[in-house]
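Participant: Here it is, the structure, as structure tokens.
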Amino acid sequence: MSLPSDAPSRGAIESAARAKTRDDLRDALAPRRGNLTLLEVARLVERLSEIDPSPPPLKIALVRGYSTELLRPYWELELRLAGFRPEIHEAPLGAFFTDAGENAPLARHRPEVTYFLLRWEDVDPAFGRPVMTLGESERDALADSASRRVAEWLAGFRASLSGPLVVSFLAKEAGPELGLADANSPVAERAFRERLKTRLVDGFRRAVPSAYFFDMDELLAELGRENALDPRLWYSAGFPFSVAGAQTLVRRLVPFAVLPRLPPAKCLVLDADNTLWGGIVGEAGIDGIALGPEYPGSAFVAFQRRLLDFRSRGFLLAVCSRNNPADVYEVLDRHPNQILRRDAFAAFRIGWEPKSAALEGLAAELGLGLDSLVFADDSPQDVLLVRQQLPSVTVRRVPAEPARIPACLDDEWRLETLHVSAEDRERTELYVRESRRRSFAAAAPSFDDYLRSLEMAMTVAADDPERAARIAQLTAKTNQFNLTLRRHDEAEIRRRMEDPDSLVAHFSLADVFGDSGVVGVAIVTSVRSATPEIDTFLMSCRVIGRRAETAFLRWLVARLAAGGAAAVRARFVAGSKNALVADFWRDHGFLPRDDGGWELPLGGDWERGFPAAPVRVVETGSR
């Protein structure tokens with residue numbers, strides 16, 4: 001048996017160069033595209049320019065401690081594959097301070113993401129010498145000073161830059177100082193460097209919002225040192241990467257730029273036959289499918305283990321299969337080598353309807369937009385059907401070769417996430433609880449009886465910096481119950497929390513089935529004026545229909561009234577998905593204004609226009 005090559009074949013390149021869509025081009029290059037020649041990259045960029053002549057620009061900046069000019073063709077390829085046209089600013093080599101001011105060329109470029117491609121020696125020259133010759137206290141002091149210095153650098157840049165700040169350090173071009181003895185040494189260099197990275201990230205994550213670390217050691221783990229780095233280019237031109245290393249590095253960095261700018265993926269939908277297992281269960285039966293310790297079944301077991309990783313990142317898993325439901329459920333419930341049991345999935349669409357219709361039903365059941373779905377299927381016919389009929393769904397074709405399947409989604413940047421919250425880790429269980437609530441509601445004498453029986457308790461808080469990342473995540477992901485559709489990154493959320501004239505409030509909701517986690521956000525501006533304005537008011541689709549929004553708004557308005565507000569102003573910004581809340585302000589007693597906004601006068605009984613909401617509200621941790 002021959003193993004598949006990681007390099008795209010000549011036929012794959014030719015197919016990609018004739019592709020009619022970006023997705024077709026990506027499929028042709030799958031699963032990896034790390035060994036393209038510069039001529040091939042140029043040819044593919046030309047084809048992408050023909051497919052989409054005017055994609056929106058995406059401004060990036062590179063603050064660097066080594067040469068990065070040779071990365072430009074790969075930025076062009078990868079960002080055009082994501083639907084953007086790069087505009088790149090490269091700071092002068094070593095300009096860690098001179099290019100940080102608000103009038104500096106970098107700030108005038110207004111990058112949407114800034115990458116810091118550094119060497120450890122840029123932080124402290126001591127890293128250029130054998131650090132293991134230092135005593136333990138000296139190594140600790142070096143790690144502390146390095147983490148402080150990086151945090152100071154990032155804070156300096158943050159003052160004039162918005163968007164994510166992504167920090168990476170060039171991996172060592174040689175192995176550990178102690179060689180083979182390192183793995184067995186009490187002063188192992190690997191262990192020191194891991195502690196160093198942890199201390200570094202802890203330092204700047206606490207001090208600088210929307211700052212992220214990219215571990216260059218992962219690049220070496222993926223490709224190997226000899227394949228990722230090129231000593232000839234490093235010593236002659238100051239550029240450290242091989243062709244494969246340069247392409248893979250850019251591919252891994254691109255999600256930091258594109259994820260904040262596109263609708264977030266929330267659910268990974270999987271076919272069953274020849275995706276979760278090998279073969280067709282309706283024909284082969286539960287004992288005849290490939291799923292077990294021997295190839296090709298071992299590849300499908302490995303793929304299921306990988307799917308658990310995506311679930312840990314906060315993505316729901318769902319099944320969409322043309323099959324007899326009993327056959328699929330038998331595998332999920334009874335097969336001894338099945339990793340993903342029935343309770344690992346948030347929803348199922350198993351039957352004989354077209355996949356496009358099934359996906360629409362699945363999205364409706366979960367309360368998600370179609371652009372929240374990533375669909376993986378082995379059938380080229382179904383892949384084509386869904387792409388044609390549901391263009392907002394991201395569709396990935398599962399390879400025919402089983403050995404390629406375990407890693408087939410690793411290059412799907414929509415399955416990356418920049419932050420994993422407690423709510424993300426529990427997302428499937430939260431959706432299962434919501435299914436139980438729907439069953440509970442169906443058995444209740446009336447909807448009001450159902451709401452009262454939930455015994456809902458809302459916890460509200462304001463300006464809590466520990467929740468800034470989750471609040472930013474909600475503003476980025478929430479589309480249906482979102483009154484203004486404004487997006488805010490973590491840096492902006494923290495800035496508003498520190499602003500005495502702003503208020504950033506959030507709530508979580510618990511009931512007899514469990515706690516939802518943080519699911520609602522309100523941002524108010526001009527708090528110290530007589531007419532504060534609600535800039536953002538949103539709520540996760542998971543709690544729609546329980547009148548939590550009314551309880552939250554009542555608490556918010558009462559707080560503003562207690563602070564001296566005479567009226568509260570608000571707006572509704574219509575989008576493609578938030579028609580659900582078009583009448584929200586009117587339904588809560590707000591009056592229309594001549595400028596298209598809404599206003600709630602706070603004199604007298606301002607709550608008279610609020611619907612009943614059987615929710616007990618508890619305030620905690622507020623400013």
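Labels used: A, B, ... for chains in the order of the structure tokens, numbers from 1 for residues in each chain, and numbers from 1 for ligands as shown.
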Could you pull out the residues in range 56-285 of chain A that DSSP calls helix (DSSP H, G or I) from the backbone, as a PyMOL selection string?

Facilitator: chain A and resi 69-81+105-109+120-123+125-128+131-133+136-158+179-184+189-207+217-223+225-228+231-237+243-261+281-284

Participant: Using only C-alpha atoms, find the one residue out of A:Glu87, A:Glu619, A:Asp595, A:Glu112 that sits nearest to Leu161 in chain A.

Facilitator: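 Closest residue, counting only C-alpha atoms: A:Glu112.
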
Participant: When you look at range 559-563 of chain A with a cut-off of 10 Å (counting only C-alpha atoms), what residues show up, excluding the ones that are within fewer than 6 positions of it in the same chain? I need them as a PDB file with N, CA, C and O atoms, in the first residue's frame.

Facilitator:
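Result went into part13.pdb, see below:
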ATOM      1  N   LEU A 503     -21.198  51.817  29.531  1.00  0.00           N
ATOM      2  CA  LEU A 503     -21.592  50.697  30.378  1.00  0.00           C
ATOM      3  C   LEU A 503     -21.626  49.444  29.510  1.00  0.00           C
ATOM      4  O   LEU A 503     -22.252  49.442  28.440  1.00  0.00           O
ATOM      5  N   VAL A 524     -23.988  50.526  26.541  1.00  0.00           N
ATOM      6  CA  VAL A 524     -24.655  51.830  26.583  1.00  0.00           C
ATOM      7  C   VAL A 524     -23.597  52.916  26.515  1.00  0.00           C
ATOM      8  O   VAL A 524     -22.570  52.848  27.198  1.00  0.00           O
ATOM      9  N   VAL A 527     -23.536  57.487  29.181  1.00  0.00           N
ATOM     10  CA  VAL A 527     -24.210  57.090  30.414  1.00  0.00           C
ATOM     11  C   VAL A 527     -24.412  58.274  31.352  1.00  0.00           C
ATOM     12  O   VAL A 527     -25.411  58.348  32.072  1.00  0.00           O
ATOM     13  N   ARG A 528     -23.491  59.220  31.343  1.00  0.00           N
ATOM     14  CA  ARG A 528     -23.587  60.341  32.277  1.00  0.00           C
ATOM     15  C   ARG A 528     -24.483  61.466  31.777  1.00  0.00           C
ATOM     16  O   ARG A 528     -24.696  62.444  32.487  1.00  0.00           O
ATOM     17  N   SER A 529     -25.024  61.322  30.585  1.00  0.00           N
ATOM     18  CA  SER A 529     -25.919  62.350  30.052  1.00  0.00           C
ATOM     19  C   SER A 529     -27.358  62.065  30.469  1.00  0.00           C
ATOM     20  O   SER A 529     -27.660  61.018  31.055  1.00  0.00           O
ATOM     21  N   ALA A 530     -28.250  62.982  30.125  1.00  0.00           N
ATOM     22  CA  ALA A 530     -29.675  62.785  30.440  1.00  0.00           C
ATOM     23  C   ALA A 530     -30.319  61.772  29.517  1.00  0.00           C
ATOM     24  O   ALA A 530     -31.391  61.232  29.840  1.00  0.00           O
ATOM     25  N   THR A 531     -29.676  61.508  28.364  1.00  0.00           N
ATOM     26  CA  THR A 531     -30.267  60.581  27.400  1.00  0.00           C
ATOM     27  C   THR A 531     -29.224  59.567  26.934  1.00  0.00           C
ATOM     28  O   THR A 531     -28.708  59.647  25.810  1.00  0.00           O
ATOM     29  N   PRO A 532     -28.848  58.610  27.771  1.00  0.00           N
ATOM     30  CA  PRO A 532     -27.928  57.554  27.320  1.00  0.00           C
ATOM     31  C   PRO A 532     -28.538  56.764  26.165  1.00  0.00           C
ATOM     32  O   PRO A 532     -29.762  56.697  26.021  1.00  0.00           O
ATOM     33  N   LEU A 553     -33.583  44.014  29.863  1.00  0.00           N
ATOM     34  CA  LEU A 553     -33.821  45.416  29.522  1.00  0.00           C
ATOM     35  C   LEU A 553     -34.415  46.173  30.715  1.00  0.00           C
ATOM     36  O   LEU A 553     -34.044  47.324  30.968  1.00  0.00           O
ATOM     37  N   PRO A 601     -39.141  57.505  27.401  1.00  0.00           N
ATOM     38  CA  PRO A 601     -39.131  58.485  28.487  1.00  0.00           C
ATOM     39  C   PRO A 601     -39.210  57.775  29.838  1.00  0.00           C
ATOM     40  O   PRO A 601     -39.947  56.792  29.990  1.00  0.00           O
ATOM     41  N   LEU A 602     -38.454  58.271  30.814  1.00  0.00           N
ATOM     42  CA  LEU A 602     -38.389  57.576  32.094  1.00  0.00           C
ATOM     43  C   LEU A 602     -39.234  58.229  33.187  1.00  0.00           C
ATOM     44  O   LEU A 602     -39.155  57.831  34.342  1.00  0.00           O
ATOM     45  N   GLY A 603     -40.041  59.193  32.824  1.00  0.00           N
ATOM     46  CA  GLY A 603     -40.952  59.755  33.812  1.00  0.00           C
ATOM     47  C   GLY A 603     -42.156  58.853  34.017  1.00  0.00           C
ATOM     48  O   GLY A 603     -42.647  58.197  33.097  1.00  0.00           O
ATOM     49  N   TRP A 606     -42.584  53.931  33.517  1.00  0.00           N
ATOM     50  CA  TRP A 606     -41.973  53.590  32.228  1.00  0.00           C
ATOM     51  C   TRP A 606     -42.055  52.106  31.921  1.00  0.00           C
ATOM     52  O   TRP A 606     -41.916  51.685  30.769  1.00  0.00           O
TER      53      TRP A 606
END

Participant: Compile the contact shell of Gly135 in chain A as a PDB file with N, CA and C atoms, in the first residue's frame: residues with an atom at most 12 Å away, counting only C-alpha atoms, same-chain residues fewer than 6 positions apart removed.

Facilitator:
ATOM      1  N   ALA A 141      14.707  34.933  35.976  1.00  0.00           N
ATOM      2  CA  ALA A 141      14.777  36.383  35.804  1.00  0.00           C
ATOM      3  C   ALA A 141      14.704  36.752  34.321  1.00  0.00           C
ATOM      4  N   LEU A 142      15.344  35.943  33.467  1.00  0.00           N
ATOM      5  CA  LEU A 142      15.299  36.186  32.028  1.00  0.00           C
ATOM      6  C   LEU A 142      13.881  36.020  31.499  1.00  0.00           C
ATOM      7  N   VAL A 187      17.515  20.113  33.892  1.00  0.00           N
ATOM      8  CA  VAL A 187      17.541  21.492  33.398  1.00  0.00           C
ATOM      9  C   VAL A 187      17.289  21.489  31.890  1.00  0.00           C
ATOM     10  N   PHE A 192      12.297  24.517  29.815  1.00  0.00           N
ATOM     11  CA  PHE A 192      12.457  25.950  30.078  1.00  0.00           C
ATOM     12  C   PHE A 192      11.701  26.777  29.054  1.00  0.00           C
TER      13      PHE A 192
END

Participant: Write out as a ChimeraX atom specification all residues of range 37-224 of chain A that DSSP puts in strand (DSSP E or B) for this structure's backbone.

Facilitator: /A:57-64,85-90,113-118,165-169,211-214

Participant: Suppose we keep C-alpha atoms; can you now write the selection as a compact mmCIF listing (two decimals), in the first residue's frame?

Facilitator:
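Generated output (out-v3.txt):
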# COMPACT_ATOMS: atom_id res chain seq x y z
CA PRO A 57 -9.15 44.52 0.78
CA LEU A 58 -7.76 43.25 4.05
CA LYS A 59 -4.99 45.30 5.58
CA ILE A 60 -2.28 43.48 7.50
CA ALA A 61 0.96 44.70 9.02
CA LEU A 62 4.16 42.82 9.79
CA VAL A 63 6.42 43.98 12.62
CA ARG A 64 9.48 41.85 12.13
CA ARG A 85 -7.15 41.01 -1.35
CA PRO A 86 -4.16 41.68 0.93
CA GLU A 87 -2.72 45.14 1.52
CA ILE A 88 0.53 44.60 3.41
CA HIS A 89 2.67 47.01 5.39
CA GLU A 90 6.09 45.71 6.45
CA VAL A 113 -4.46 42.65 12.10
CA THR A 114 -0.80 43.10 13.04
CA TYR A 115 1.64 40.21 13.11
CA PHE A 116 4.83 40.33 15.20
CA LEU A 117 7.31 37.94 13.58
CA LEU A 118 10.16 38.07 16.04
CA LEU A 165 -2.06 41.58 17.64
CA VAL A 166 -0.48 38.22 16.84
CA VAL A 167 2.92 37.39 18.36
CA SER A 168 5.25 34.62 17.23
CA PHE A 169 8.90 33.80 17.82
CA ALA A 211 -3.39 39.83 21.73
CA TYR A 212 -2.65 36.26 20.65
CA PHE A 213 0.33 33.94 20.55
CA PHE A 214 1.17 31.74 17.59

Participant: Could you check how far CA of Val41 in chain A sits from CA of Asp230 in chain A, in Å to one decimal?

Facilitator: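 Atom-to-atom, CA of Val41 in chain A and CA of Asp230 in chain A are spaced 19.1 Å apart.
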
Participant: When you draw a straight line from CA of Glu549 in chain A to CA of Arg593 in chain A, how long is it in Å?

Facilitator: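 Atom-to-atom, CA of Glu549 in chain A and CA of Arg593 in chain A are spaced 22.3 Å apart.
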
Participant: Restricting the calculation to only C-alpha atoms: of A:Ser576, A:Asn35, A:Ser185, A:Ser162, which residue gets closest to Ser242 in chain A?

Facilitator: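 For Ser242 in chain A, the nearest of the given residues is A:Asn35.
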
Participant: Could you give me, as a JSON list (two decimals) with N, CA, C and O atoms, in the first residue's frame, the residues within 12 Å of Ser312 in chain A, counting only C-alpha atoms and dropping anything in the same chain fewer than 6 positions from it?

Facilitator:
[["chain", "number", "residue", "atom", "x", "y", "z"],
["A", 305, "ARG", "N", -11.93, 10.84, 16.47],
["A", 305, "ARG", "CA", -11.19, 11.46, 17.58],
["A", 305, "ARG", "C", -10.89, 12.92, 17.27],
["A", 305, "ARG", "O", -10.94, 13.78, 18.15],
["A", 306, "ARG", "N", -10.54, 13.21, 16.00],
["A", 306, "ARG", "CA", -10.27, 14.59, 15.62],
["A", 306, "ARG", "C", -11.54, 15.44, 15.72],
["A", 306, "ARG", "O", -11.47, 16.62, 16.11],
["A", 344, "ALA", "N", -23.07, 12.86, 21.40],
["A", 344, "ALA", "CA", -22.03, 13.80, 20.96],
["A", 344, "ALA", "C", -22.57, 14.77, 19.92],
["A", 344, "ALA", "O", -21.93, 15.78, 19.62],
["A", 415, "LEU", "N", -12.97, 26.40, 11.07],
["A", 415, "LEU", "CA", -13.03, 25.55, 12.25],
["A", 415, "LEU", "C", -11.94, 25.90, 13.25],
["A", 415, "LEU", "O", -11.66, 25.15, 14.17],
["A", 416, "GLU", "N", -11.33, 27.06, 13.06],
["A", 416, "GLU", "CA", -10.43, 27.62, 14.05],
["A", 416, "GLU", "C", -11.22, 28.63, 14.89],
["A", 416, "GLU", "O", -12.26, 29.14, 14.47],
["A", 417, "THR", "N", -10.73, 28.93, 16.06],
["A", 417, "THR", "CA", -11.33, 29.94, 16.91],
["A", 417, "THR", "C", -10.24, 30.65, 17.69],
["A", 417, "THR", "O", -9.23, 30.03, 18.05],
["A", 419, "HIS", "N", -10.70, 32.22, 20.55],
["A", 419, "HIS", "CA", -10.96, 32.18, 21.99],
["A", 419, "HIS", "C", -11.92, 31.04, 22.28],
["A", 419, "HIS", "O", -12.90, 30.85, 21.56],
["A", 420, "VAL", "N", -11.66, 30.27, 23.33],
["A", 420, "VAL", "CA", -12.53, 29.18, 23.74],
["A", 420, "VAL", "C", -13.02, 29.49, 25.16],
["A", 420, "VAL", "O", -12.23, 29.54, 26.09],
["A", 421, "SER", "N", -14.32, 29.72, 25.30],
["A", 421, "SER", "CA", -14.90, 30.06, 26.59],
["A", 421, "SER", "C", -15.49, 28.81, 27.24],
["A", 421, "SER", "O", -15.61, 27.75, 26.62],
["A", 422, "ALA", "N", -15.90, 28.97, 28.49],
["A", 422, "ALA", "CA", -16.57, 27.86, 29.19],
["A", 422, "ALA", "C", -17.84, 27.50, 28.46],
["A", 422, "ALA", "O", -18.20, 26.31, 28.36],
["A", 423, "GLU", "N", -18.55, 28.49, 27.91],
["A", 423, "GLU", "CA", -19.78, 28.21, 27.16],
["A", 423, "GLU", "C", -19.48, 27.41, 25.90],
["A", 423, "GLU", "O", -20.26, 26.53, 25.52],
["A", 424, "ASP", "N", -18.35, 27.69, 25.25],
["A", 424, "ASP", "CA", -17.97, 26.93, 24.06],
["A", 424, "ASP", "C", -17.77, 25.45, 24.39],
["A", 424, "ASP", "O", -18.22, 24.56, 23.66],
["A", 425, "ARG", "N", -17.08, 25.19, 25.50],
["A", 425, "ARG", "CA", -16.77, 23.80, 25.85],
["A", 425, "ARG", "C", -18.03, 23.01, 26.19],
["A", 425, "ARG", "O", -18.05, 21.79, 26.05],
["A", 426, "GLU", "N", -19.06, 23.70, 26.62],
["A", 426, "GLU", "CA", -20.30, 23.02, 27.03],
["A", 426, "GLU", "C", -21.41, 23.19, 26.00],
["A", 426, "GLU", "O", -22.57, 22.89, 26.29],
["A", 427, "ARG", "N", -21.06, 23.63, 24.79],
["A", 427, "ARG", "CA", -22.09, 24.04, 23.84],
["A", 427, "ARG", "C", -23.07, 22.91, 23.50],
["A", 427, "ARG", "O", -24.29, 23.11, 23.45],
["A", 428, "THR", "N", -22.58, 21.72, 23.25],
["A", 428, "THR", "CA", -23.49, 20.63, 22.88],
["A", 428, "THR", "C", -24.47, 20.33, 24.01],
["A", 428, "THR", "O", -25.67, 20.17, 23.78],
["A", 429, "GLU", "N", -23.98, 20.31, 25.25],
["A", 429, "GLU", "CA", -24.86, 20.06, 26.38],
["A", 429, "GLU", "C", -25.90, 21.17, 26.50],
["A", 429, "GLU", "O", -27.07, 20.91, 26.84]]

Participant: Could you build a table of the residues in range 242-318 of chain A lying no more than 12 Å from range 9-33 of chain A, giving for each the nearest pair of atoms and their separation in Å rounded to one decimal place, using only C-alpha atoms, ordered by chain and ascending residue number, as a Markdown table?

Facilitator:
| residue | atom | partner | partner_atom | distance |
| --- | --- | --- | --- | --- |
| A:Val243 | CA | A:Arg33 | CA | 10.6 |
| A:Ala244 | CA | A:Arg33 | CA | 8.3 |
| A:Gly245 | CA | A:Arg33 | CA | 10.9 |
| A:Ala246 | CA | A:Arg33 | CA | 11.1 |
| A:Gln247 | CA | A:Arg33 | CA | 7.6 |
| A:Thr248 | CA | A:Arg33 | CA | 7.9 |
| A:Leu249 | CA | A:Arg33 | CA | 11.5 |
| A:Val250 | CA | A:Arg33 | CA | 11.3 |
| A:Arg251 | CA | A:Arg33 | CA | 9.2 |
| A:Arg252 | CA | A:Arg32 | CA | 12.0 |

Participant: Could you please determine the separation between CA of Pro105 in chain A and CA of Thr68 in chain A in Å, to one decimal place?

Facilitator: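 Atom-to-atom, CA of Pro105 in chain A to CA of Thr68 in chain A, that is 17.4 Å.
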
Participant: Determine, counting only C-alpha atoms, which protein, DNA and RNA residues have an atom within 10 Å of an atom of Leu509 in chain A; residues of the same chain fewer than 6 positions away are not included. Present the result as a ChimeraX atom specification.

Facilitator: /A:456-460,515-520,543,546,548,615-617

Participant: For the selection just defined, write its residues with C-alpha atoms to a file, as an mmCIF file, in the first residue's frame.

Facilitator:
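Saved result, again_20.cif, follows:
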data_model
loop_
_atom_site.group_PDB
_atom_site.id
_atom_site.type_symbol
_atom_site.label_atom_id
_atom_site.label_comp_id
_atom_site.auth_asym_id
_atom_site.auth_seq_id
_atom_site.Cartn_x
_atom_site.Cartn_y
_atom_site.Cartn_z
ATOM 1 C CA MET A 456 -35.564 31.191 35.753
ATOM 2 C CA ALA A 457 -32.857 33.142 37.557
ATOM 3 C CA MET A 458 -30.830 35.780 35.702
ATOM 4 C CA THR A 459 -27.412 36.922 36.905
ATOM 5 C CA VAL A 460 -26.428 40.352 35.597
ATOM 6 C CA ASP A 515 -27.146 27.360 33.451
ATOM 7 C CA SER A 516 -26.796 28.875 29.988
ATOM 8 C CA GLY A 517 -23.572 30.750 30.710
ATOM 9 C CA VAL A 518 -23.157 34.320 29.424
ATOM 10 C CA VAL A 519 -25.752 34.746 26.673
ATOM 11 C CA GLY A 520 -26.764 38.418 26.620
ATOM 12 C CA VAL A 543 -32.428 31.611 25.071
ATOM 13 C CA ARG A 546 -38.032 32.834 27.393
ATOM 14 C CA ALA A 548 -35.025 36.940 29.241
ATOM 15 C CA VAL A 615 -37.376 35.918 35.725
ATOM 16 C CA ARG A 616 -35.674 36.592 39.044
ATOM 17 C CA VAL A 617 -32.764 39.002 38.508
#

Participant: Of the candidates A:Leu219, A:Ile544, A:Leu229, A:Ala505, which shows the shortest atom-to-atom distance to Val581 in chain A, using only C-alpha atoms?

Facilitator: A:Ile544

Participant: I need the residue nearest Tyr431 in chain A from this list: A:Ala207, A:Leu366, A:Leu259, A:Leu591. Use only C-alpha atoms for the distance.

Facilitator: A:Leu366

Participant: Set the distance at 10 Å and use only C-alpha atoms: which residues neighbour Leu79 in chain A once local chain neighbours fewer than 2 positions away are removed? I'd like the list as a list in words.

Facilitator: Val45, Pro55, Pro57, Leu58, Tyr74, Trp75, Glu76, Leu77, Leu81, Ala82, Gly83, Phe84, Arg85, Pro86, Val250, Arg251, Val254, Pro255, Ala257 and Val258 of chain A

Participant: Go ahead and write the residues just picked, N, CA, C and O atoms, as an mmCIF file, in the first residue's frame.

Facilitator:
data_model
loop_
_atom_site.group_PDB
_atom_site.id
_atom_site.type_symbol
_atom_site.label_atom_id
_atom_site.label_comp_id
_atom_site.auth_asym_id
_atom_site.auth_seq_id
_atom_site.Cartn_x
_atom_site.Cartn_y
_atom_site.Cartn_z
ATOM 1 N N VAL A 45 -2.885 32.440 -8.099
ATOM 2 C CA VAL A 45 -3.352 33.788 -7.747
ATOM 3 C C VAL A 45 -4.010 34.446 -8.960
ATOM 4 O O VAL A 45 -5.047 35.109 -8.840
ATOM 5 N N PRO A 55 -12.141 41.379 -4.856
ATOM 6 C CA PRO A 55 -12.472 41.028 -3.473
ATOM 7 C C PRO A 55 -12.185 42.205 -2.556
ATOM 8 O O PRO A 55 -11.404 43.096 -2.900
ATOM 9 N N PRO A 57 -10.523 44.501 0.265
ATOM 10 C CA PRO A 57 -9.150 44.521 0.783
ATOM 11 C C PRO A 57 -9.109 44.121 2.243
ATOM 12 O O PRO A 57 -10.074 44.318 2.988
ATOM 13 N N LEU A 58 -7.997 43.554 2.654
ATOM 14 C CA LEU A 58 -7.760 43.249 4.055
ATOM 15 C C LEU A 58 -6.348 43.716 4.378
ATOM 16 O O LEU A 58 -5.377 43.224 3.818
ATOM 17 N N TYR A 74 2.604 34.146 -0.781
ATOM 18 C CA TYR A 74 1.749 33.215 -0.040
ATOM 19 C C TYR A 74 0.623 33.954 0.679
ATOM 20 O O TYR A 74 -0.489 33.429 0.812
ATOM 21 N N TRP A 75 0.894 35.180 1.151
ATOM 22 C CA TRP A 75 -0.207 35.998 1.671
ATOM 23 C C TRP A 75 -1.242 36.235 0.572
ATOM 24 O O TRP A 75 -2.453 36.165 0.820
ATOM 25 N N GLU A 76 -0.762 36.515 -0.614
ATOM 26 C CA GLU A 76 -1.675 36.775 -1.731
ATOM 27 C C GLU A 76 -2.540 35.546 -2.015
ATOM 28 O O GLU A 76 -3.767 35.655 -2.182
ATOM 29 N N LEU A 77 -1.928 34.374 -2.059
ATOM 30 C CA LEU A 77 -2.677 33.153 -2.344
ATOM 31 C C LEU A 77 -3.680 32.839 -1.237
ATOM 32 O O LEU A 77 -4.874 32.625 -1.501
ATOM 33 N N LEU A 81 -7.760 33.024 -1.374
ATOM 34 C CA LEU A 81 -8.566 31.812 -1.166
ATOM 35 C C LEU A 81 -9.656 32.043 -0.135
ATOM 36 O O LEU A 81 -10.717 31.424 -0.189
ATOM 37 N N ALA A 82 -9.405 32.938 0.815
ATOM 38 C CA ALA A 82 -10.404 33.275 1.833
ATOM 39 C C ALA A 82 -11.349 34.378 1.370
ATOM 40 O O ALA A 82 -12.277 34.737 2.102
ATOM 41 N N GLY A 83 -11.134 34.928 0.157
ATOM 42 C CA GLY A 83 -12.039 35.933 -0.374
ATOM 43 C C GLY A 83 -11.606 37.359 -0.145
ATOM 44 O O GLY A 83 -12.443 38.267 -0.232
ATOM 45 N N PHE A 84 -10.318 37.603 0.109
ATOM 46 C CA PHE A 84 -9.822 38.953 0.363
ATOM 47 C C PHE A 84 -8.606 39.258 -0.506
ATOM 48 O O PHE A 84 -7.942 38.353 -1.007
ATOM 49 N N ARG A 85 -8.342 40.542 -0.647
ATOM 50 C CA ARG A 85 -7.149 41.015 -1.347
ATOM 51 C C ARG A 85 -6.226 41.662 -0.325
ATOM 52 O O ARG A 85 -6.595 42.651 0.320
ATOM 53 N N PRO A 86 -5.013 41.139 -0.127
ATOM 54 C CA PRO A 86 -4.158 41.683 0.934
ATOM 55 C C PRO A 86 -3.558 43.033 0.578
ATOM 56 O O PRO A 86 -3.166 43.285 -0.565
ATOM 57 N N VAL A 250 2.105 30.970 6.592
ATOM 58 C CA VAL A 250 1.075 31.937 6.203
ATOM 59 C C VAL A 250 -0.313 31.319 6.324
ATOM 60 O O VAL A 250 -1.255 31.972 6.793
ATOM 61 N N ARG A 251 -0.437 30.065 5.904
ATOM 62 C CA ARG A 251 -1.747 29.406 6.012
ATOM 63 C C ARG A 251 -2.215 29.357 7.457
ATOM 64 O O ARG A 251 -3.401 29.517 7.746
ATOM 65 N N VAL A 254 -3.284 33.096 8.616
ATOM 66 C CA VAL A 254 -4.428 33.743 7.966
ATOM 67 C C VAL A 254 -5.692 33.760 8.824
ATOM 68 O O VAL A 254 -6.416 34.769 8.836
ATOM 69 N N PRO A 255 -6.044 32.691 9.566
ATOM 70 C CA PRO A 255 -7.289 32.756 10.353
ATOM 71 C C PRO A 255 -7.363 33.933 11.311
ATOM 72 O O PRO A 255 -8.461 34.449 11.560
ATOM 73 N N ALA A 257 -6.620 36.843 10.724
ATOM 74 C CA ALA A 257 -7.080 37.993 9.951
ATOM 75 C C ALA A 257 -8.517 37.838 9.479
ATOM 76 O O ALA A 257 -9.302 38.795 9.512
ATOM 77 N N VAL A 258 -8.883 36.641 9.027
ATOM 78 C CA VAL A 258 -10.181 36.500 8.367
ATOM 79 C C VAL A 258 -11.316 36.138 9.320
ATOM 80 O O VAL A 258 -12.470 36.491 9.067
#

Participant: Calculated over only C-alpha atoms, which of the candidates A:Ala461, A:Ala491, A:Ala221, A:Cys408 has the smallest distance to Pro164 in chain A?

Facilitator: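 Result for the nearest residue to Pro164 in chain A: A:Ala491.
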
Participant: Between A:Leu418, A:Pro130, A:Phe157, A:Ala151, which is the closest to Ala104 in chain A once you count only C-alpha atoms?

Facilitator: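 Looking only at the distances to Ala104 in chain A, the closest residue turns out to be A:Phe157.
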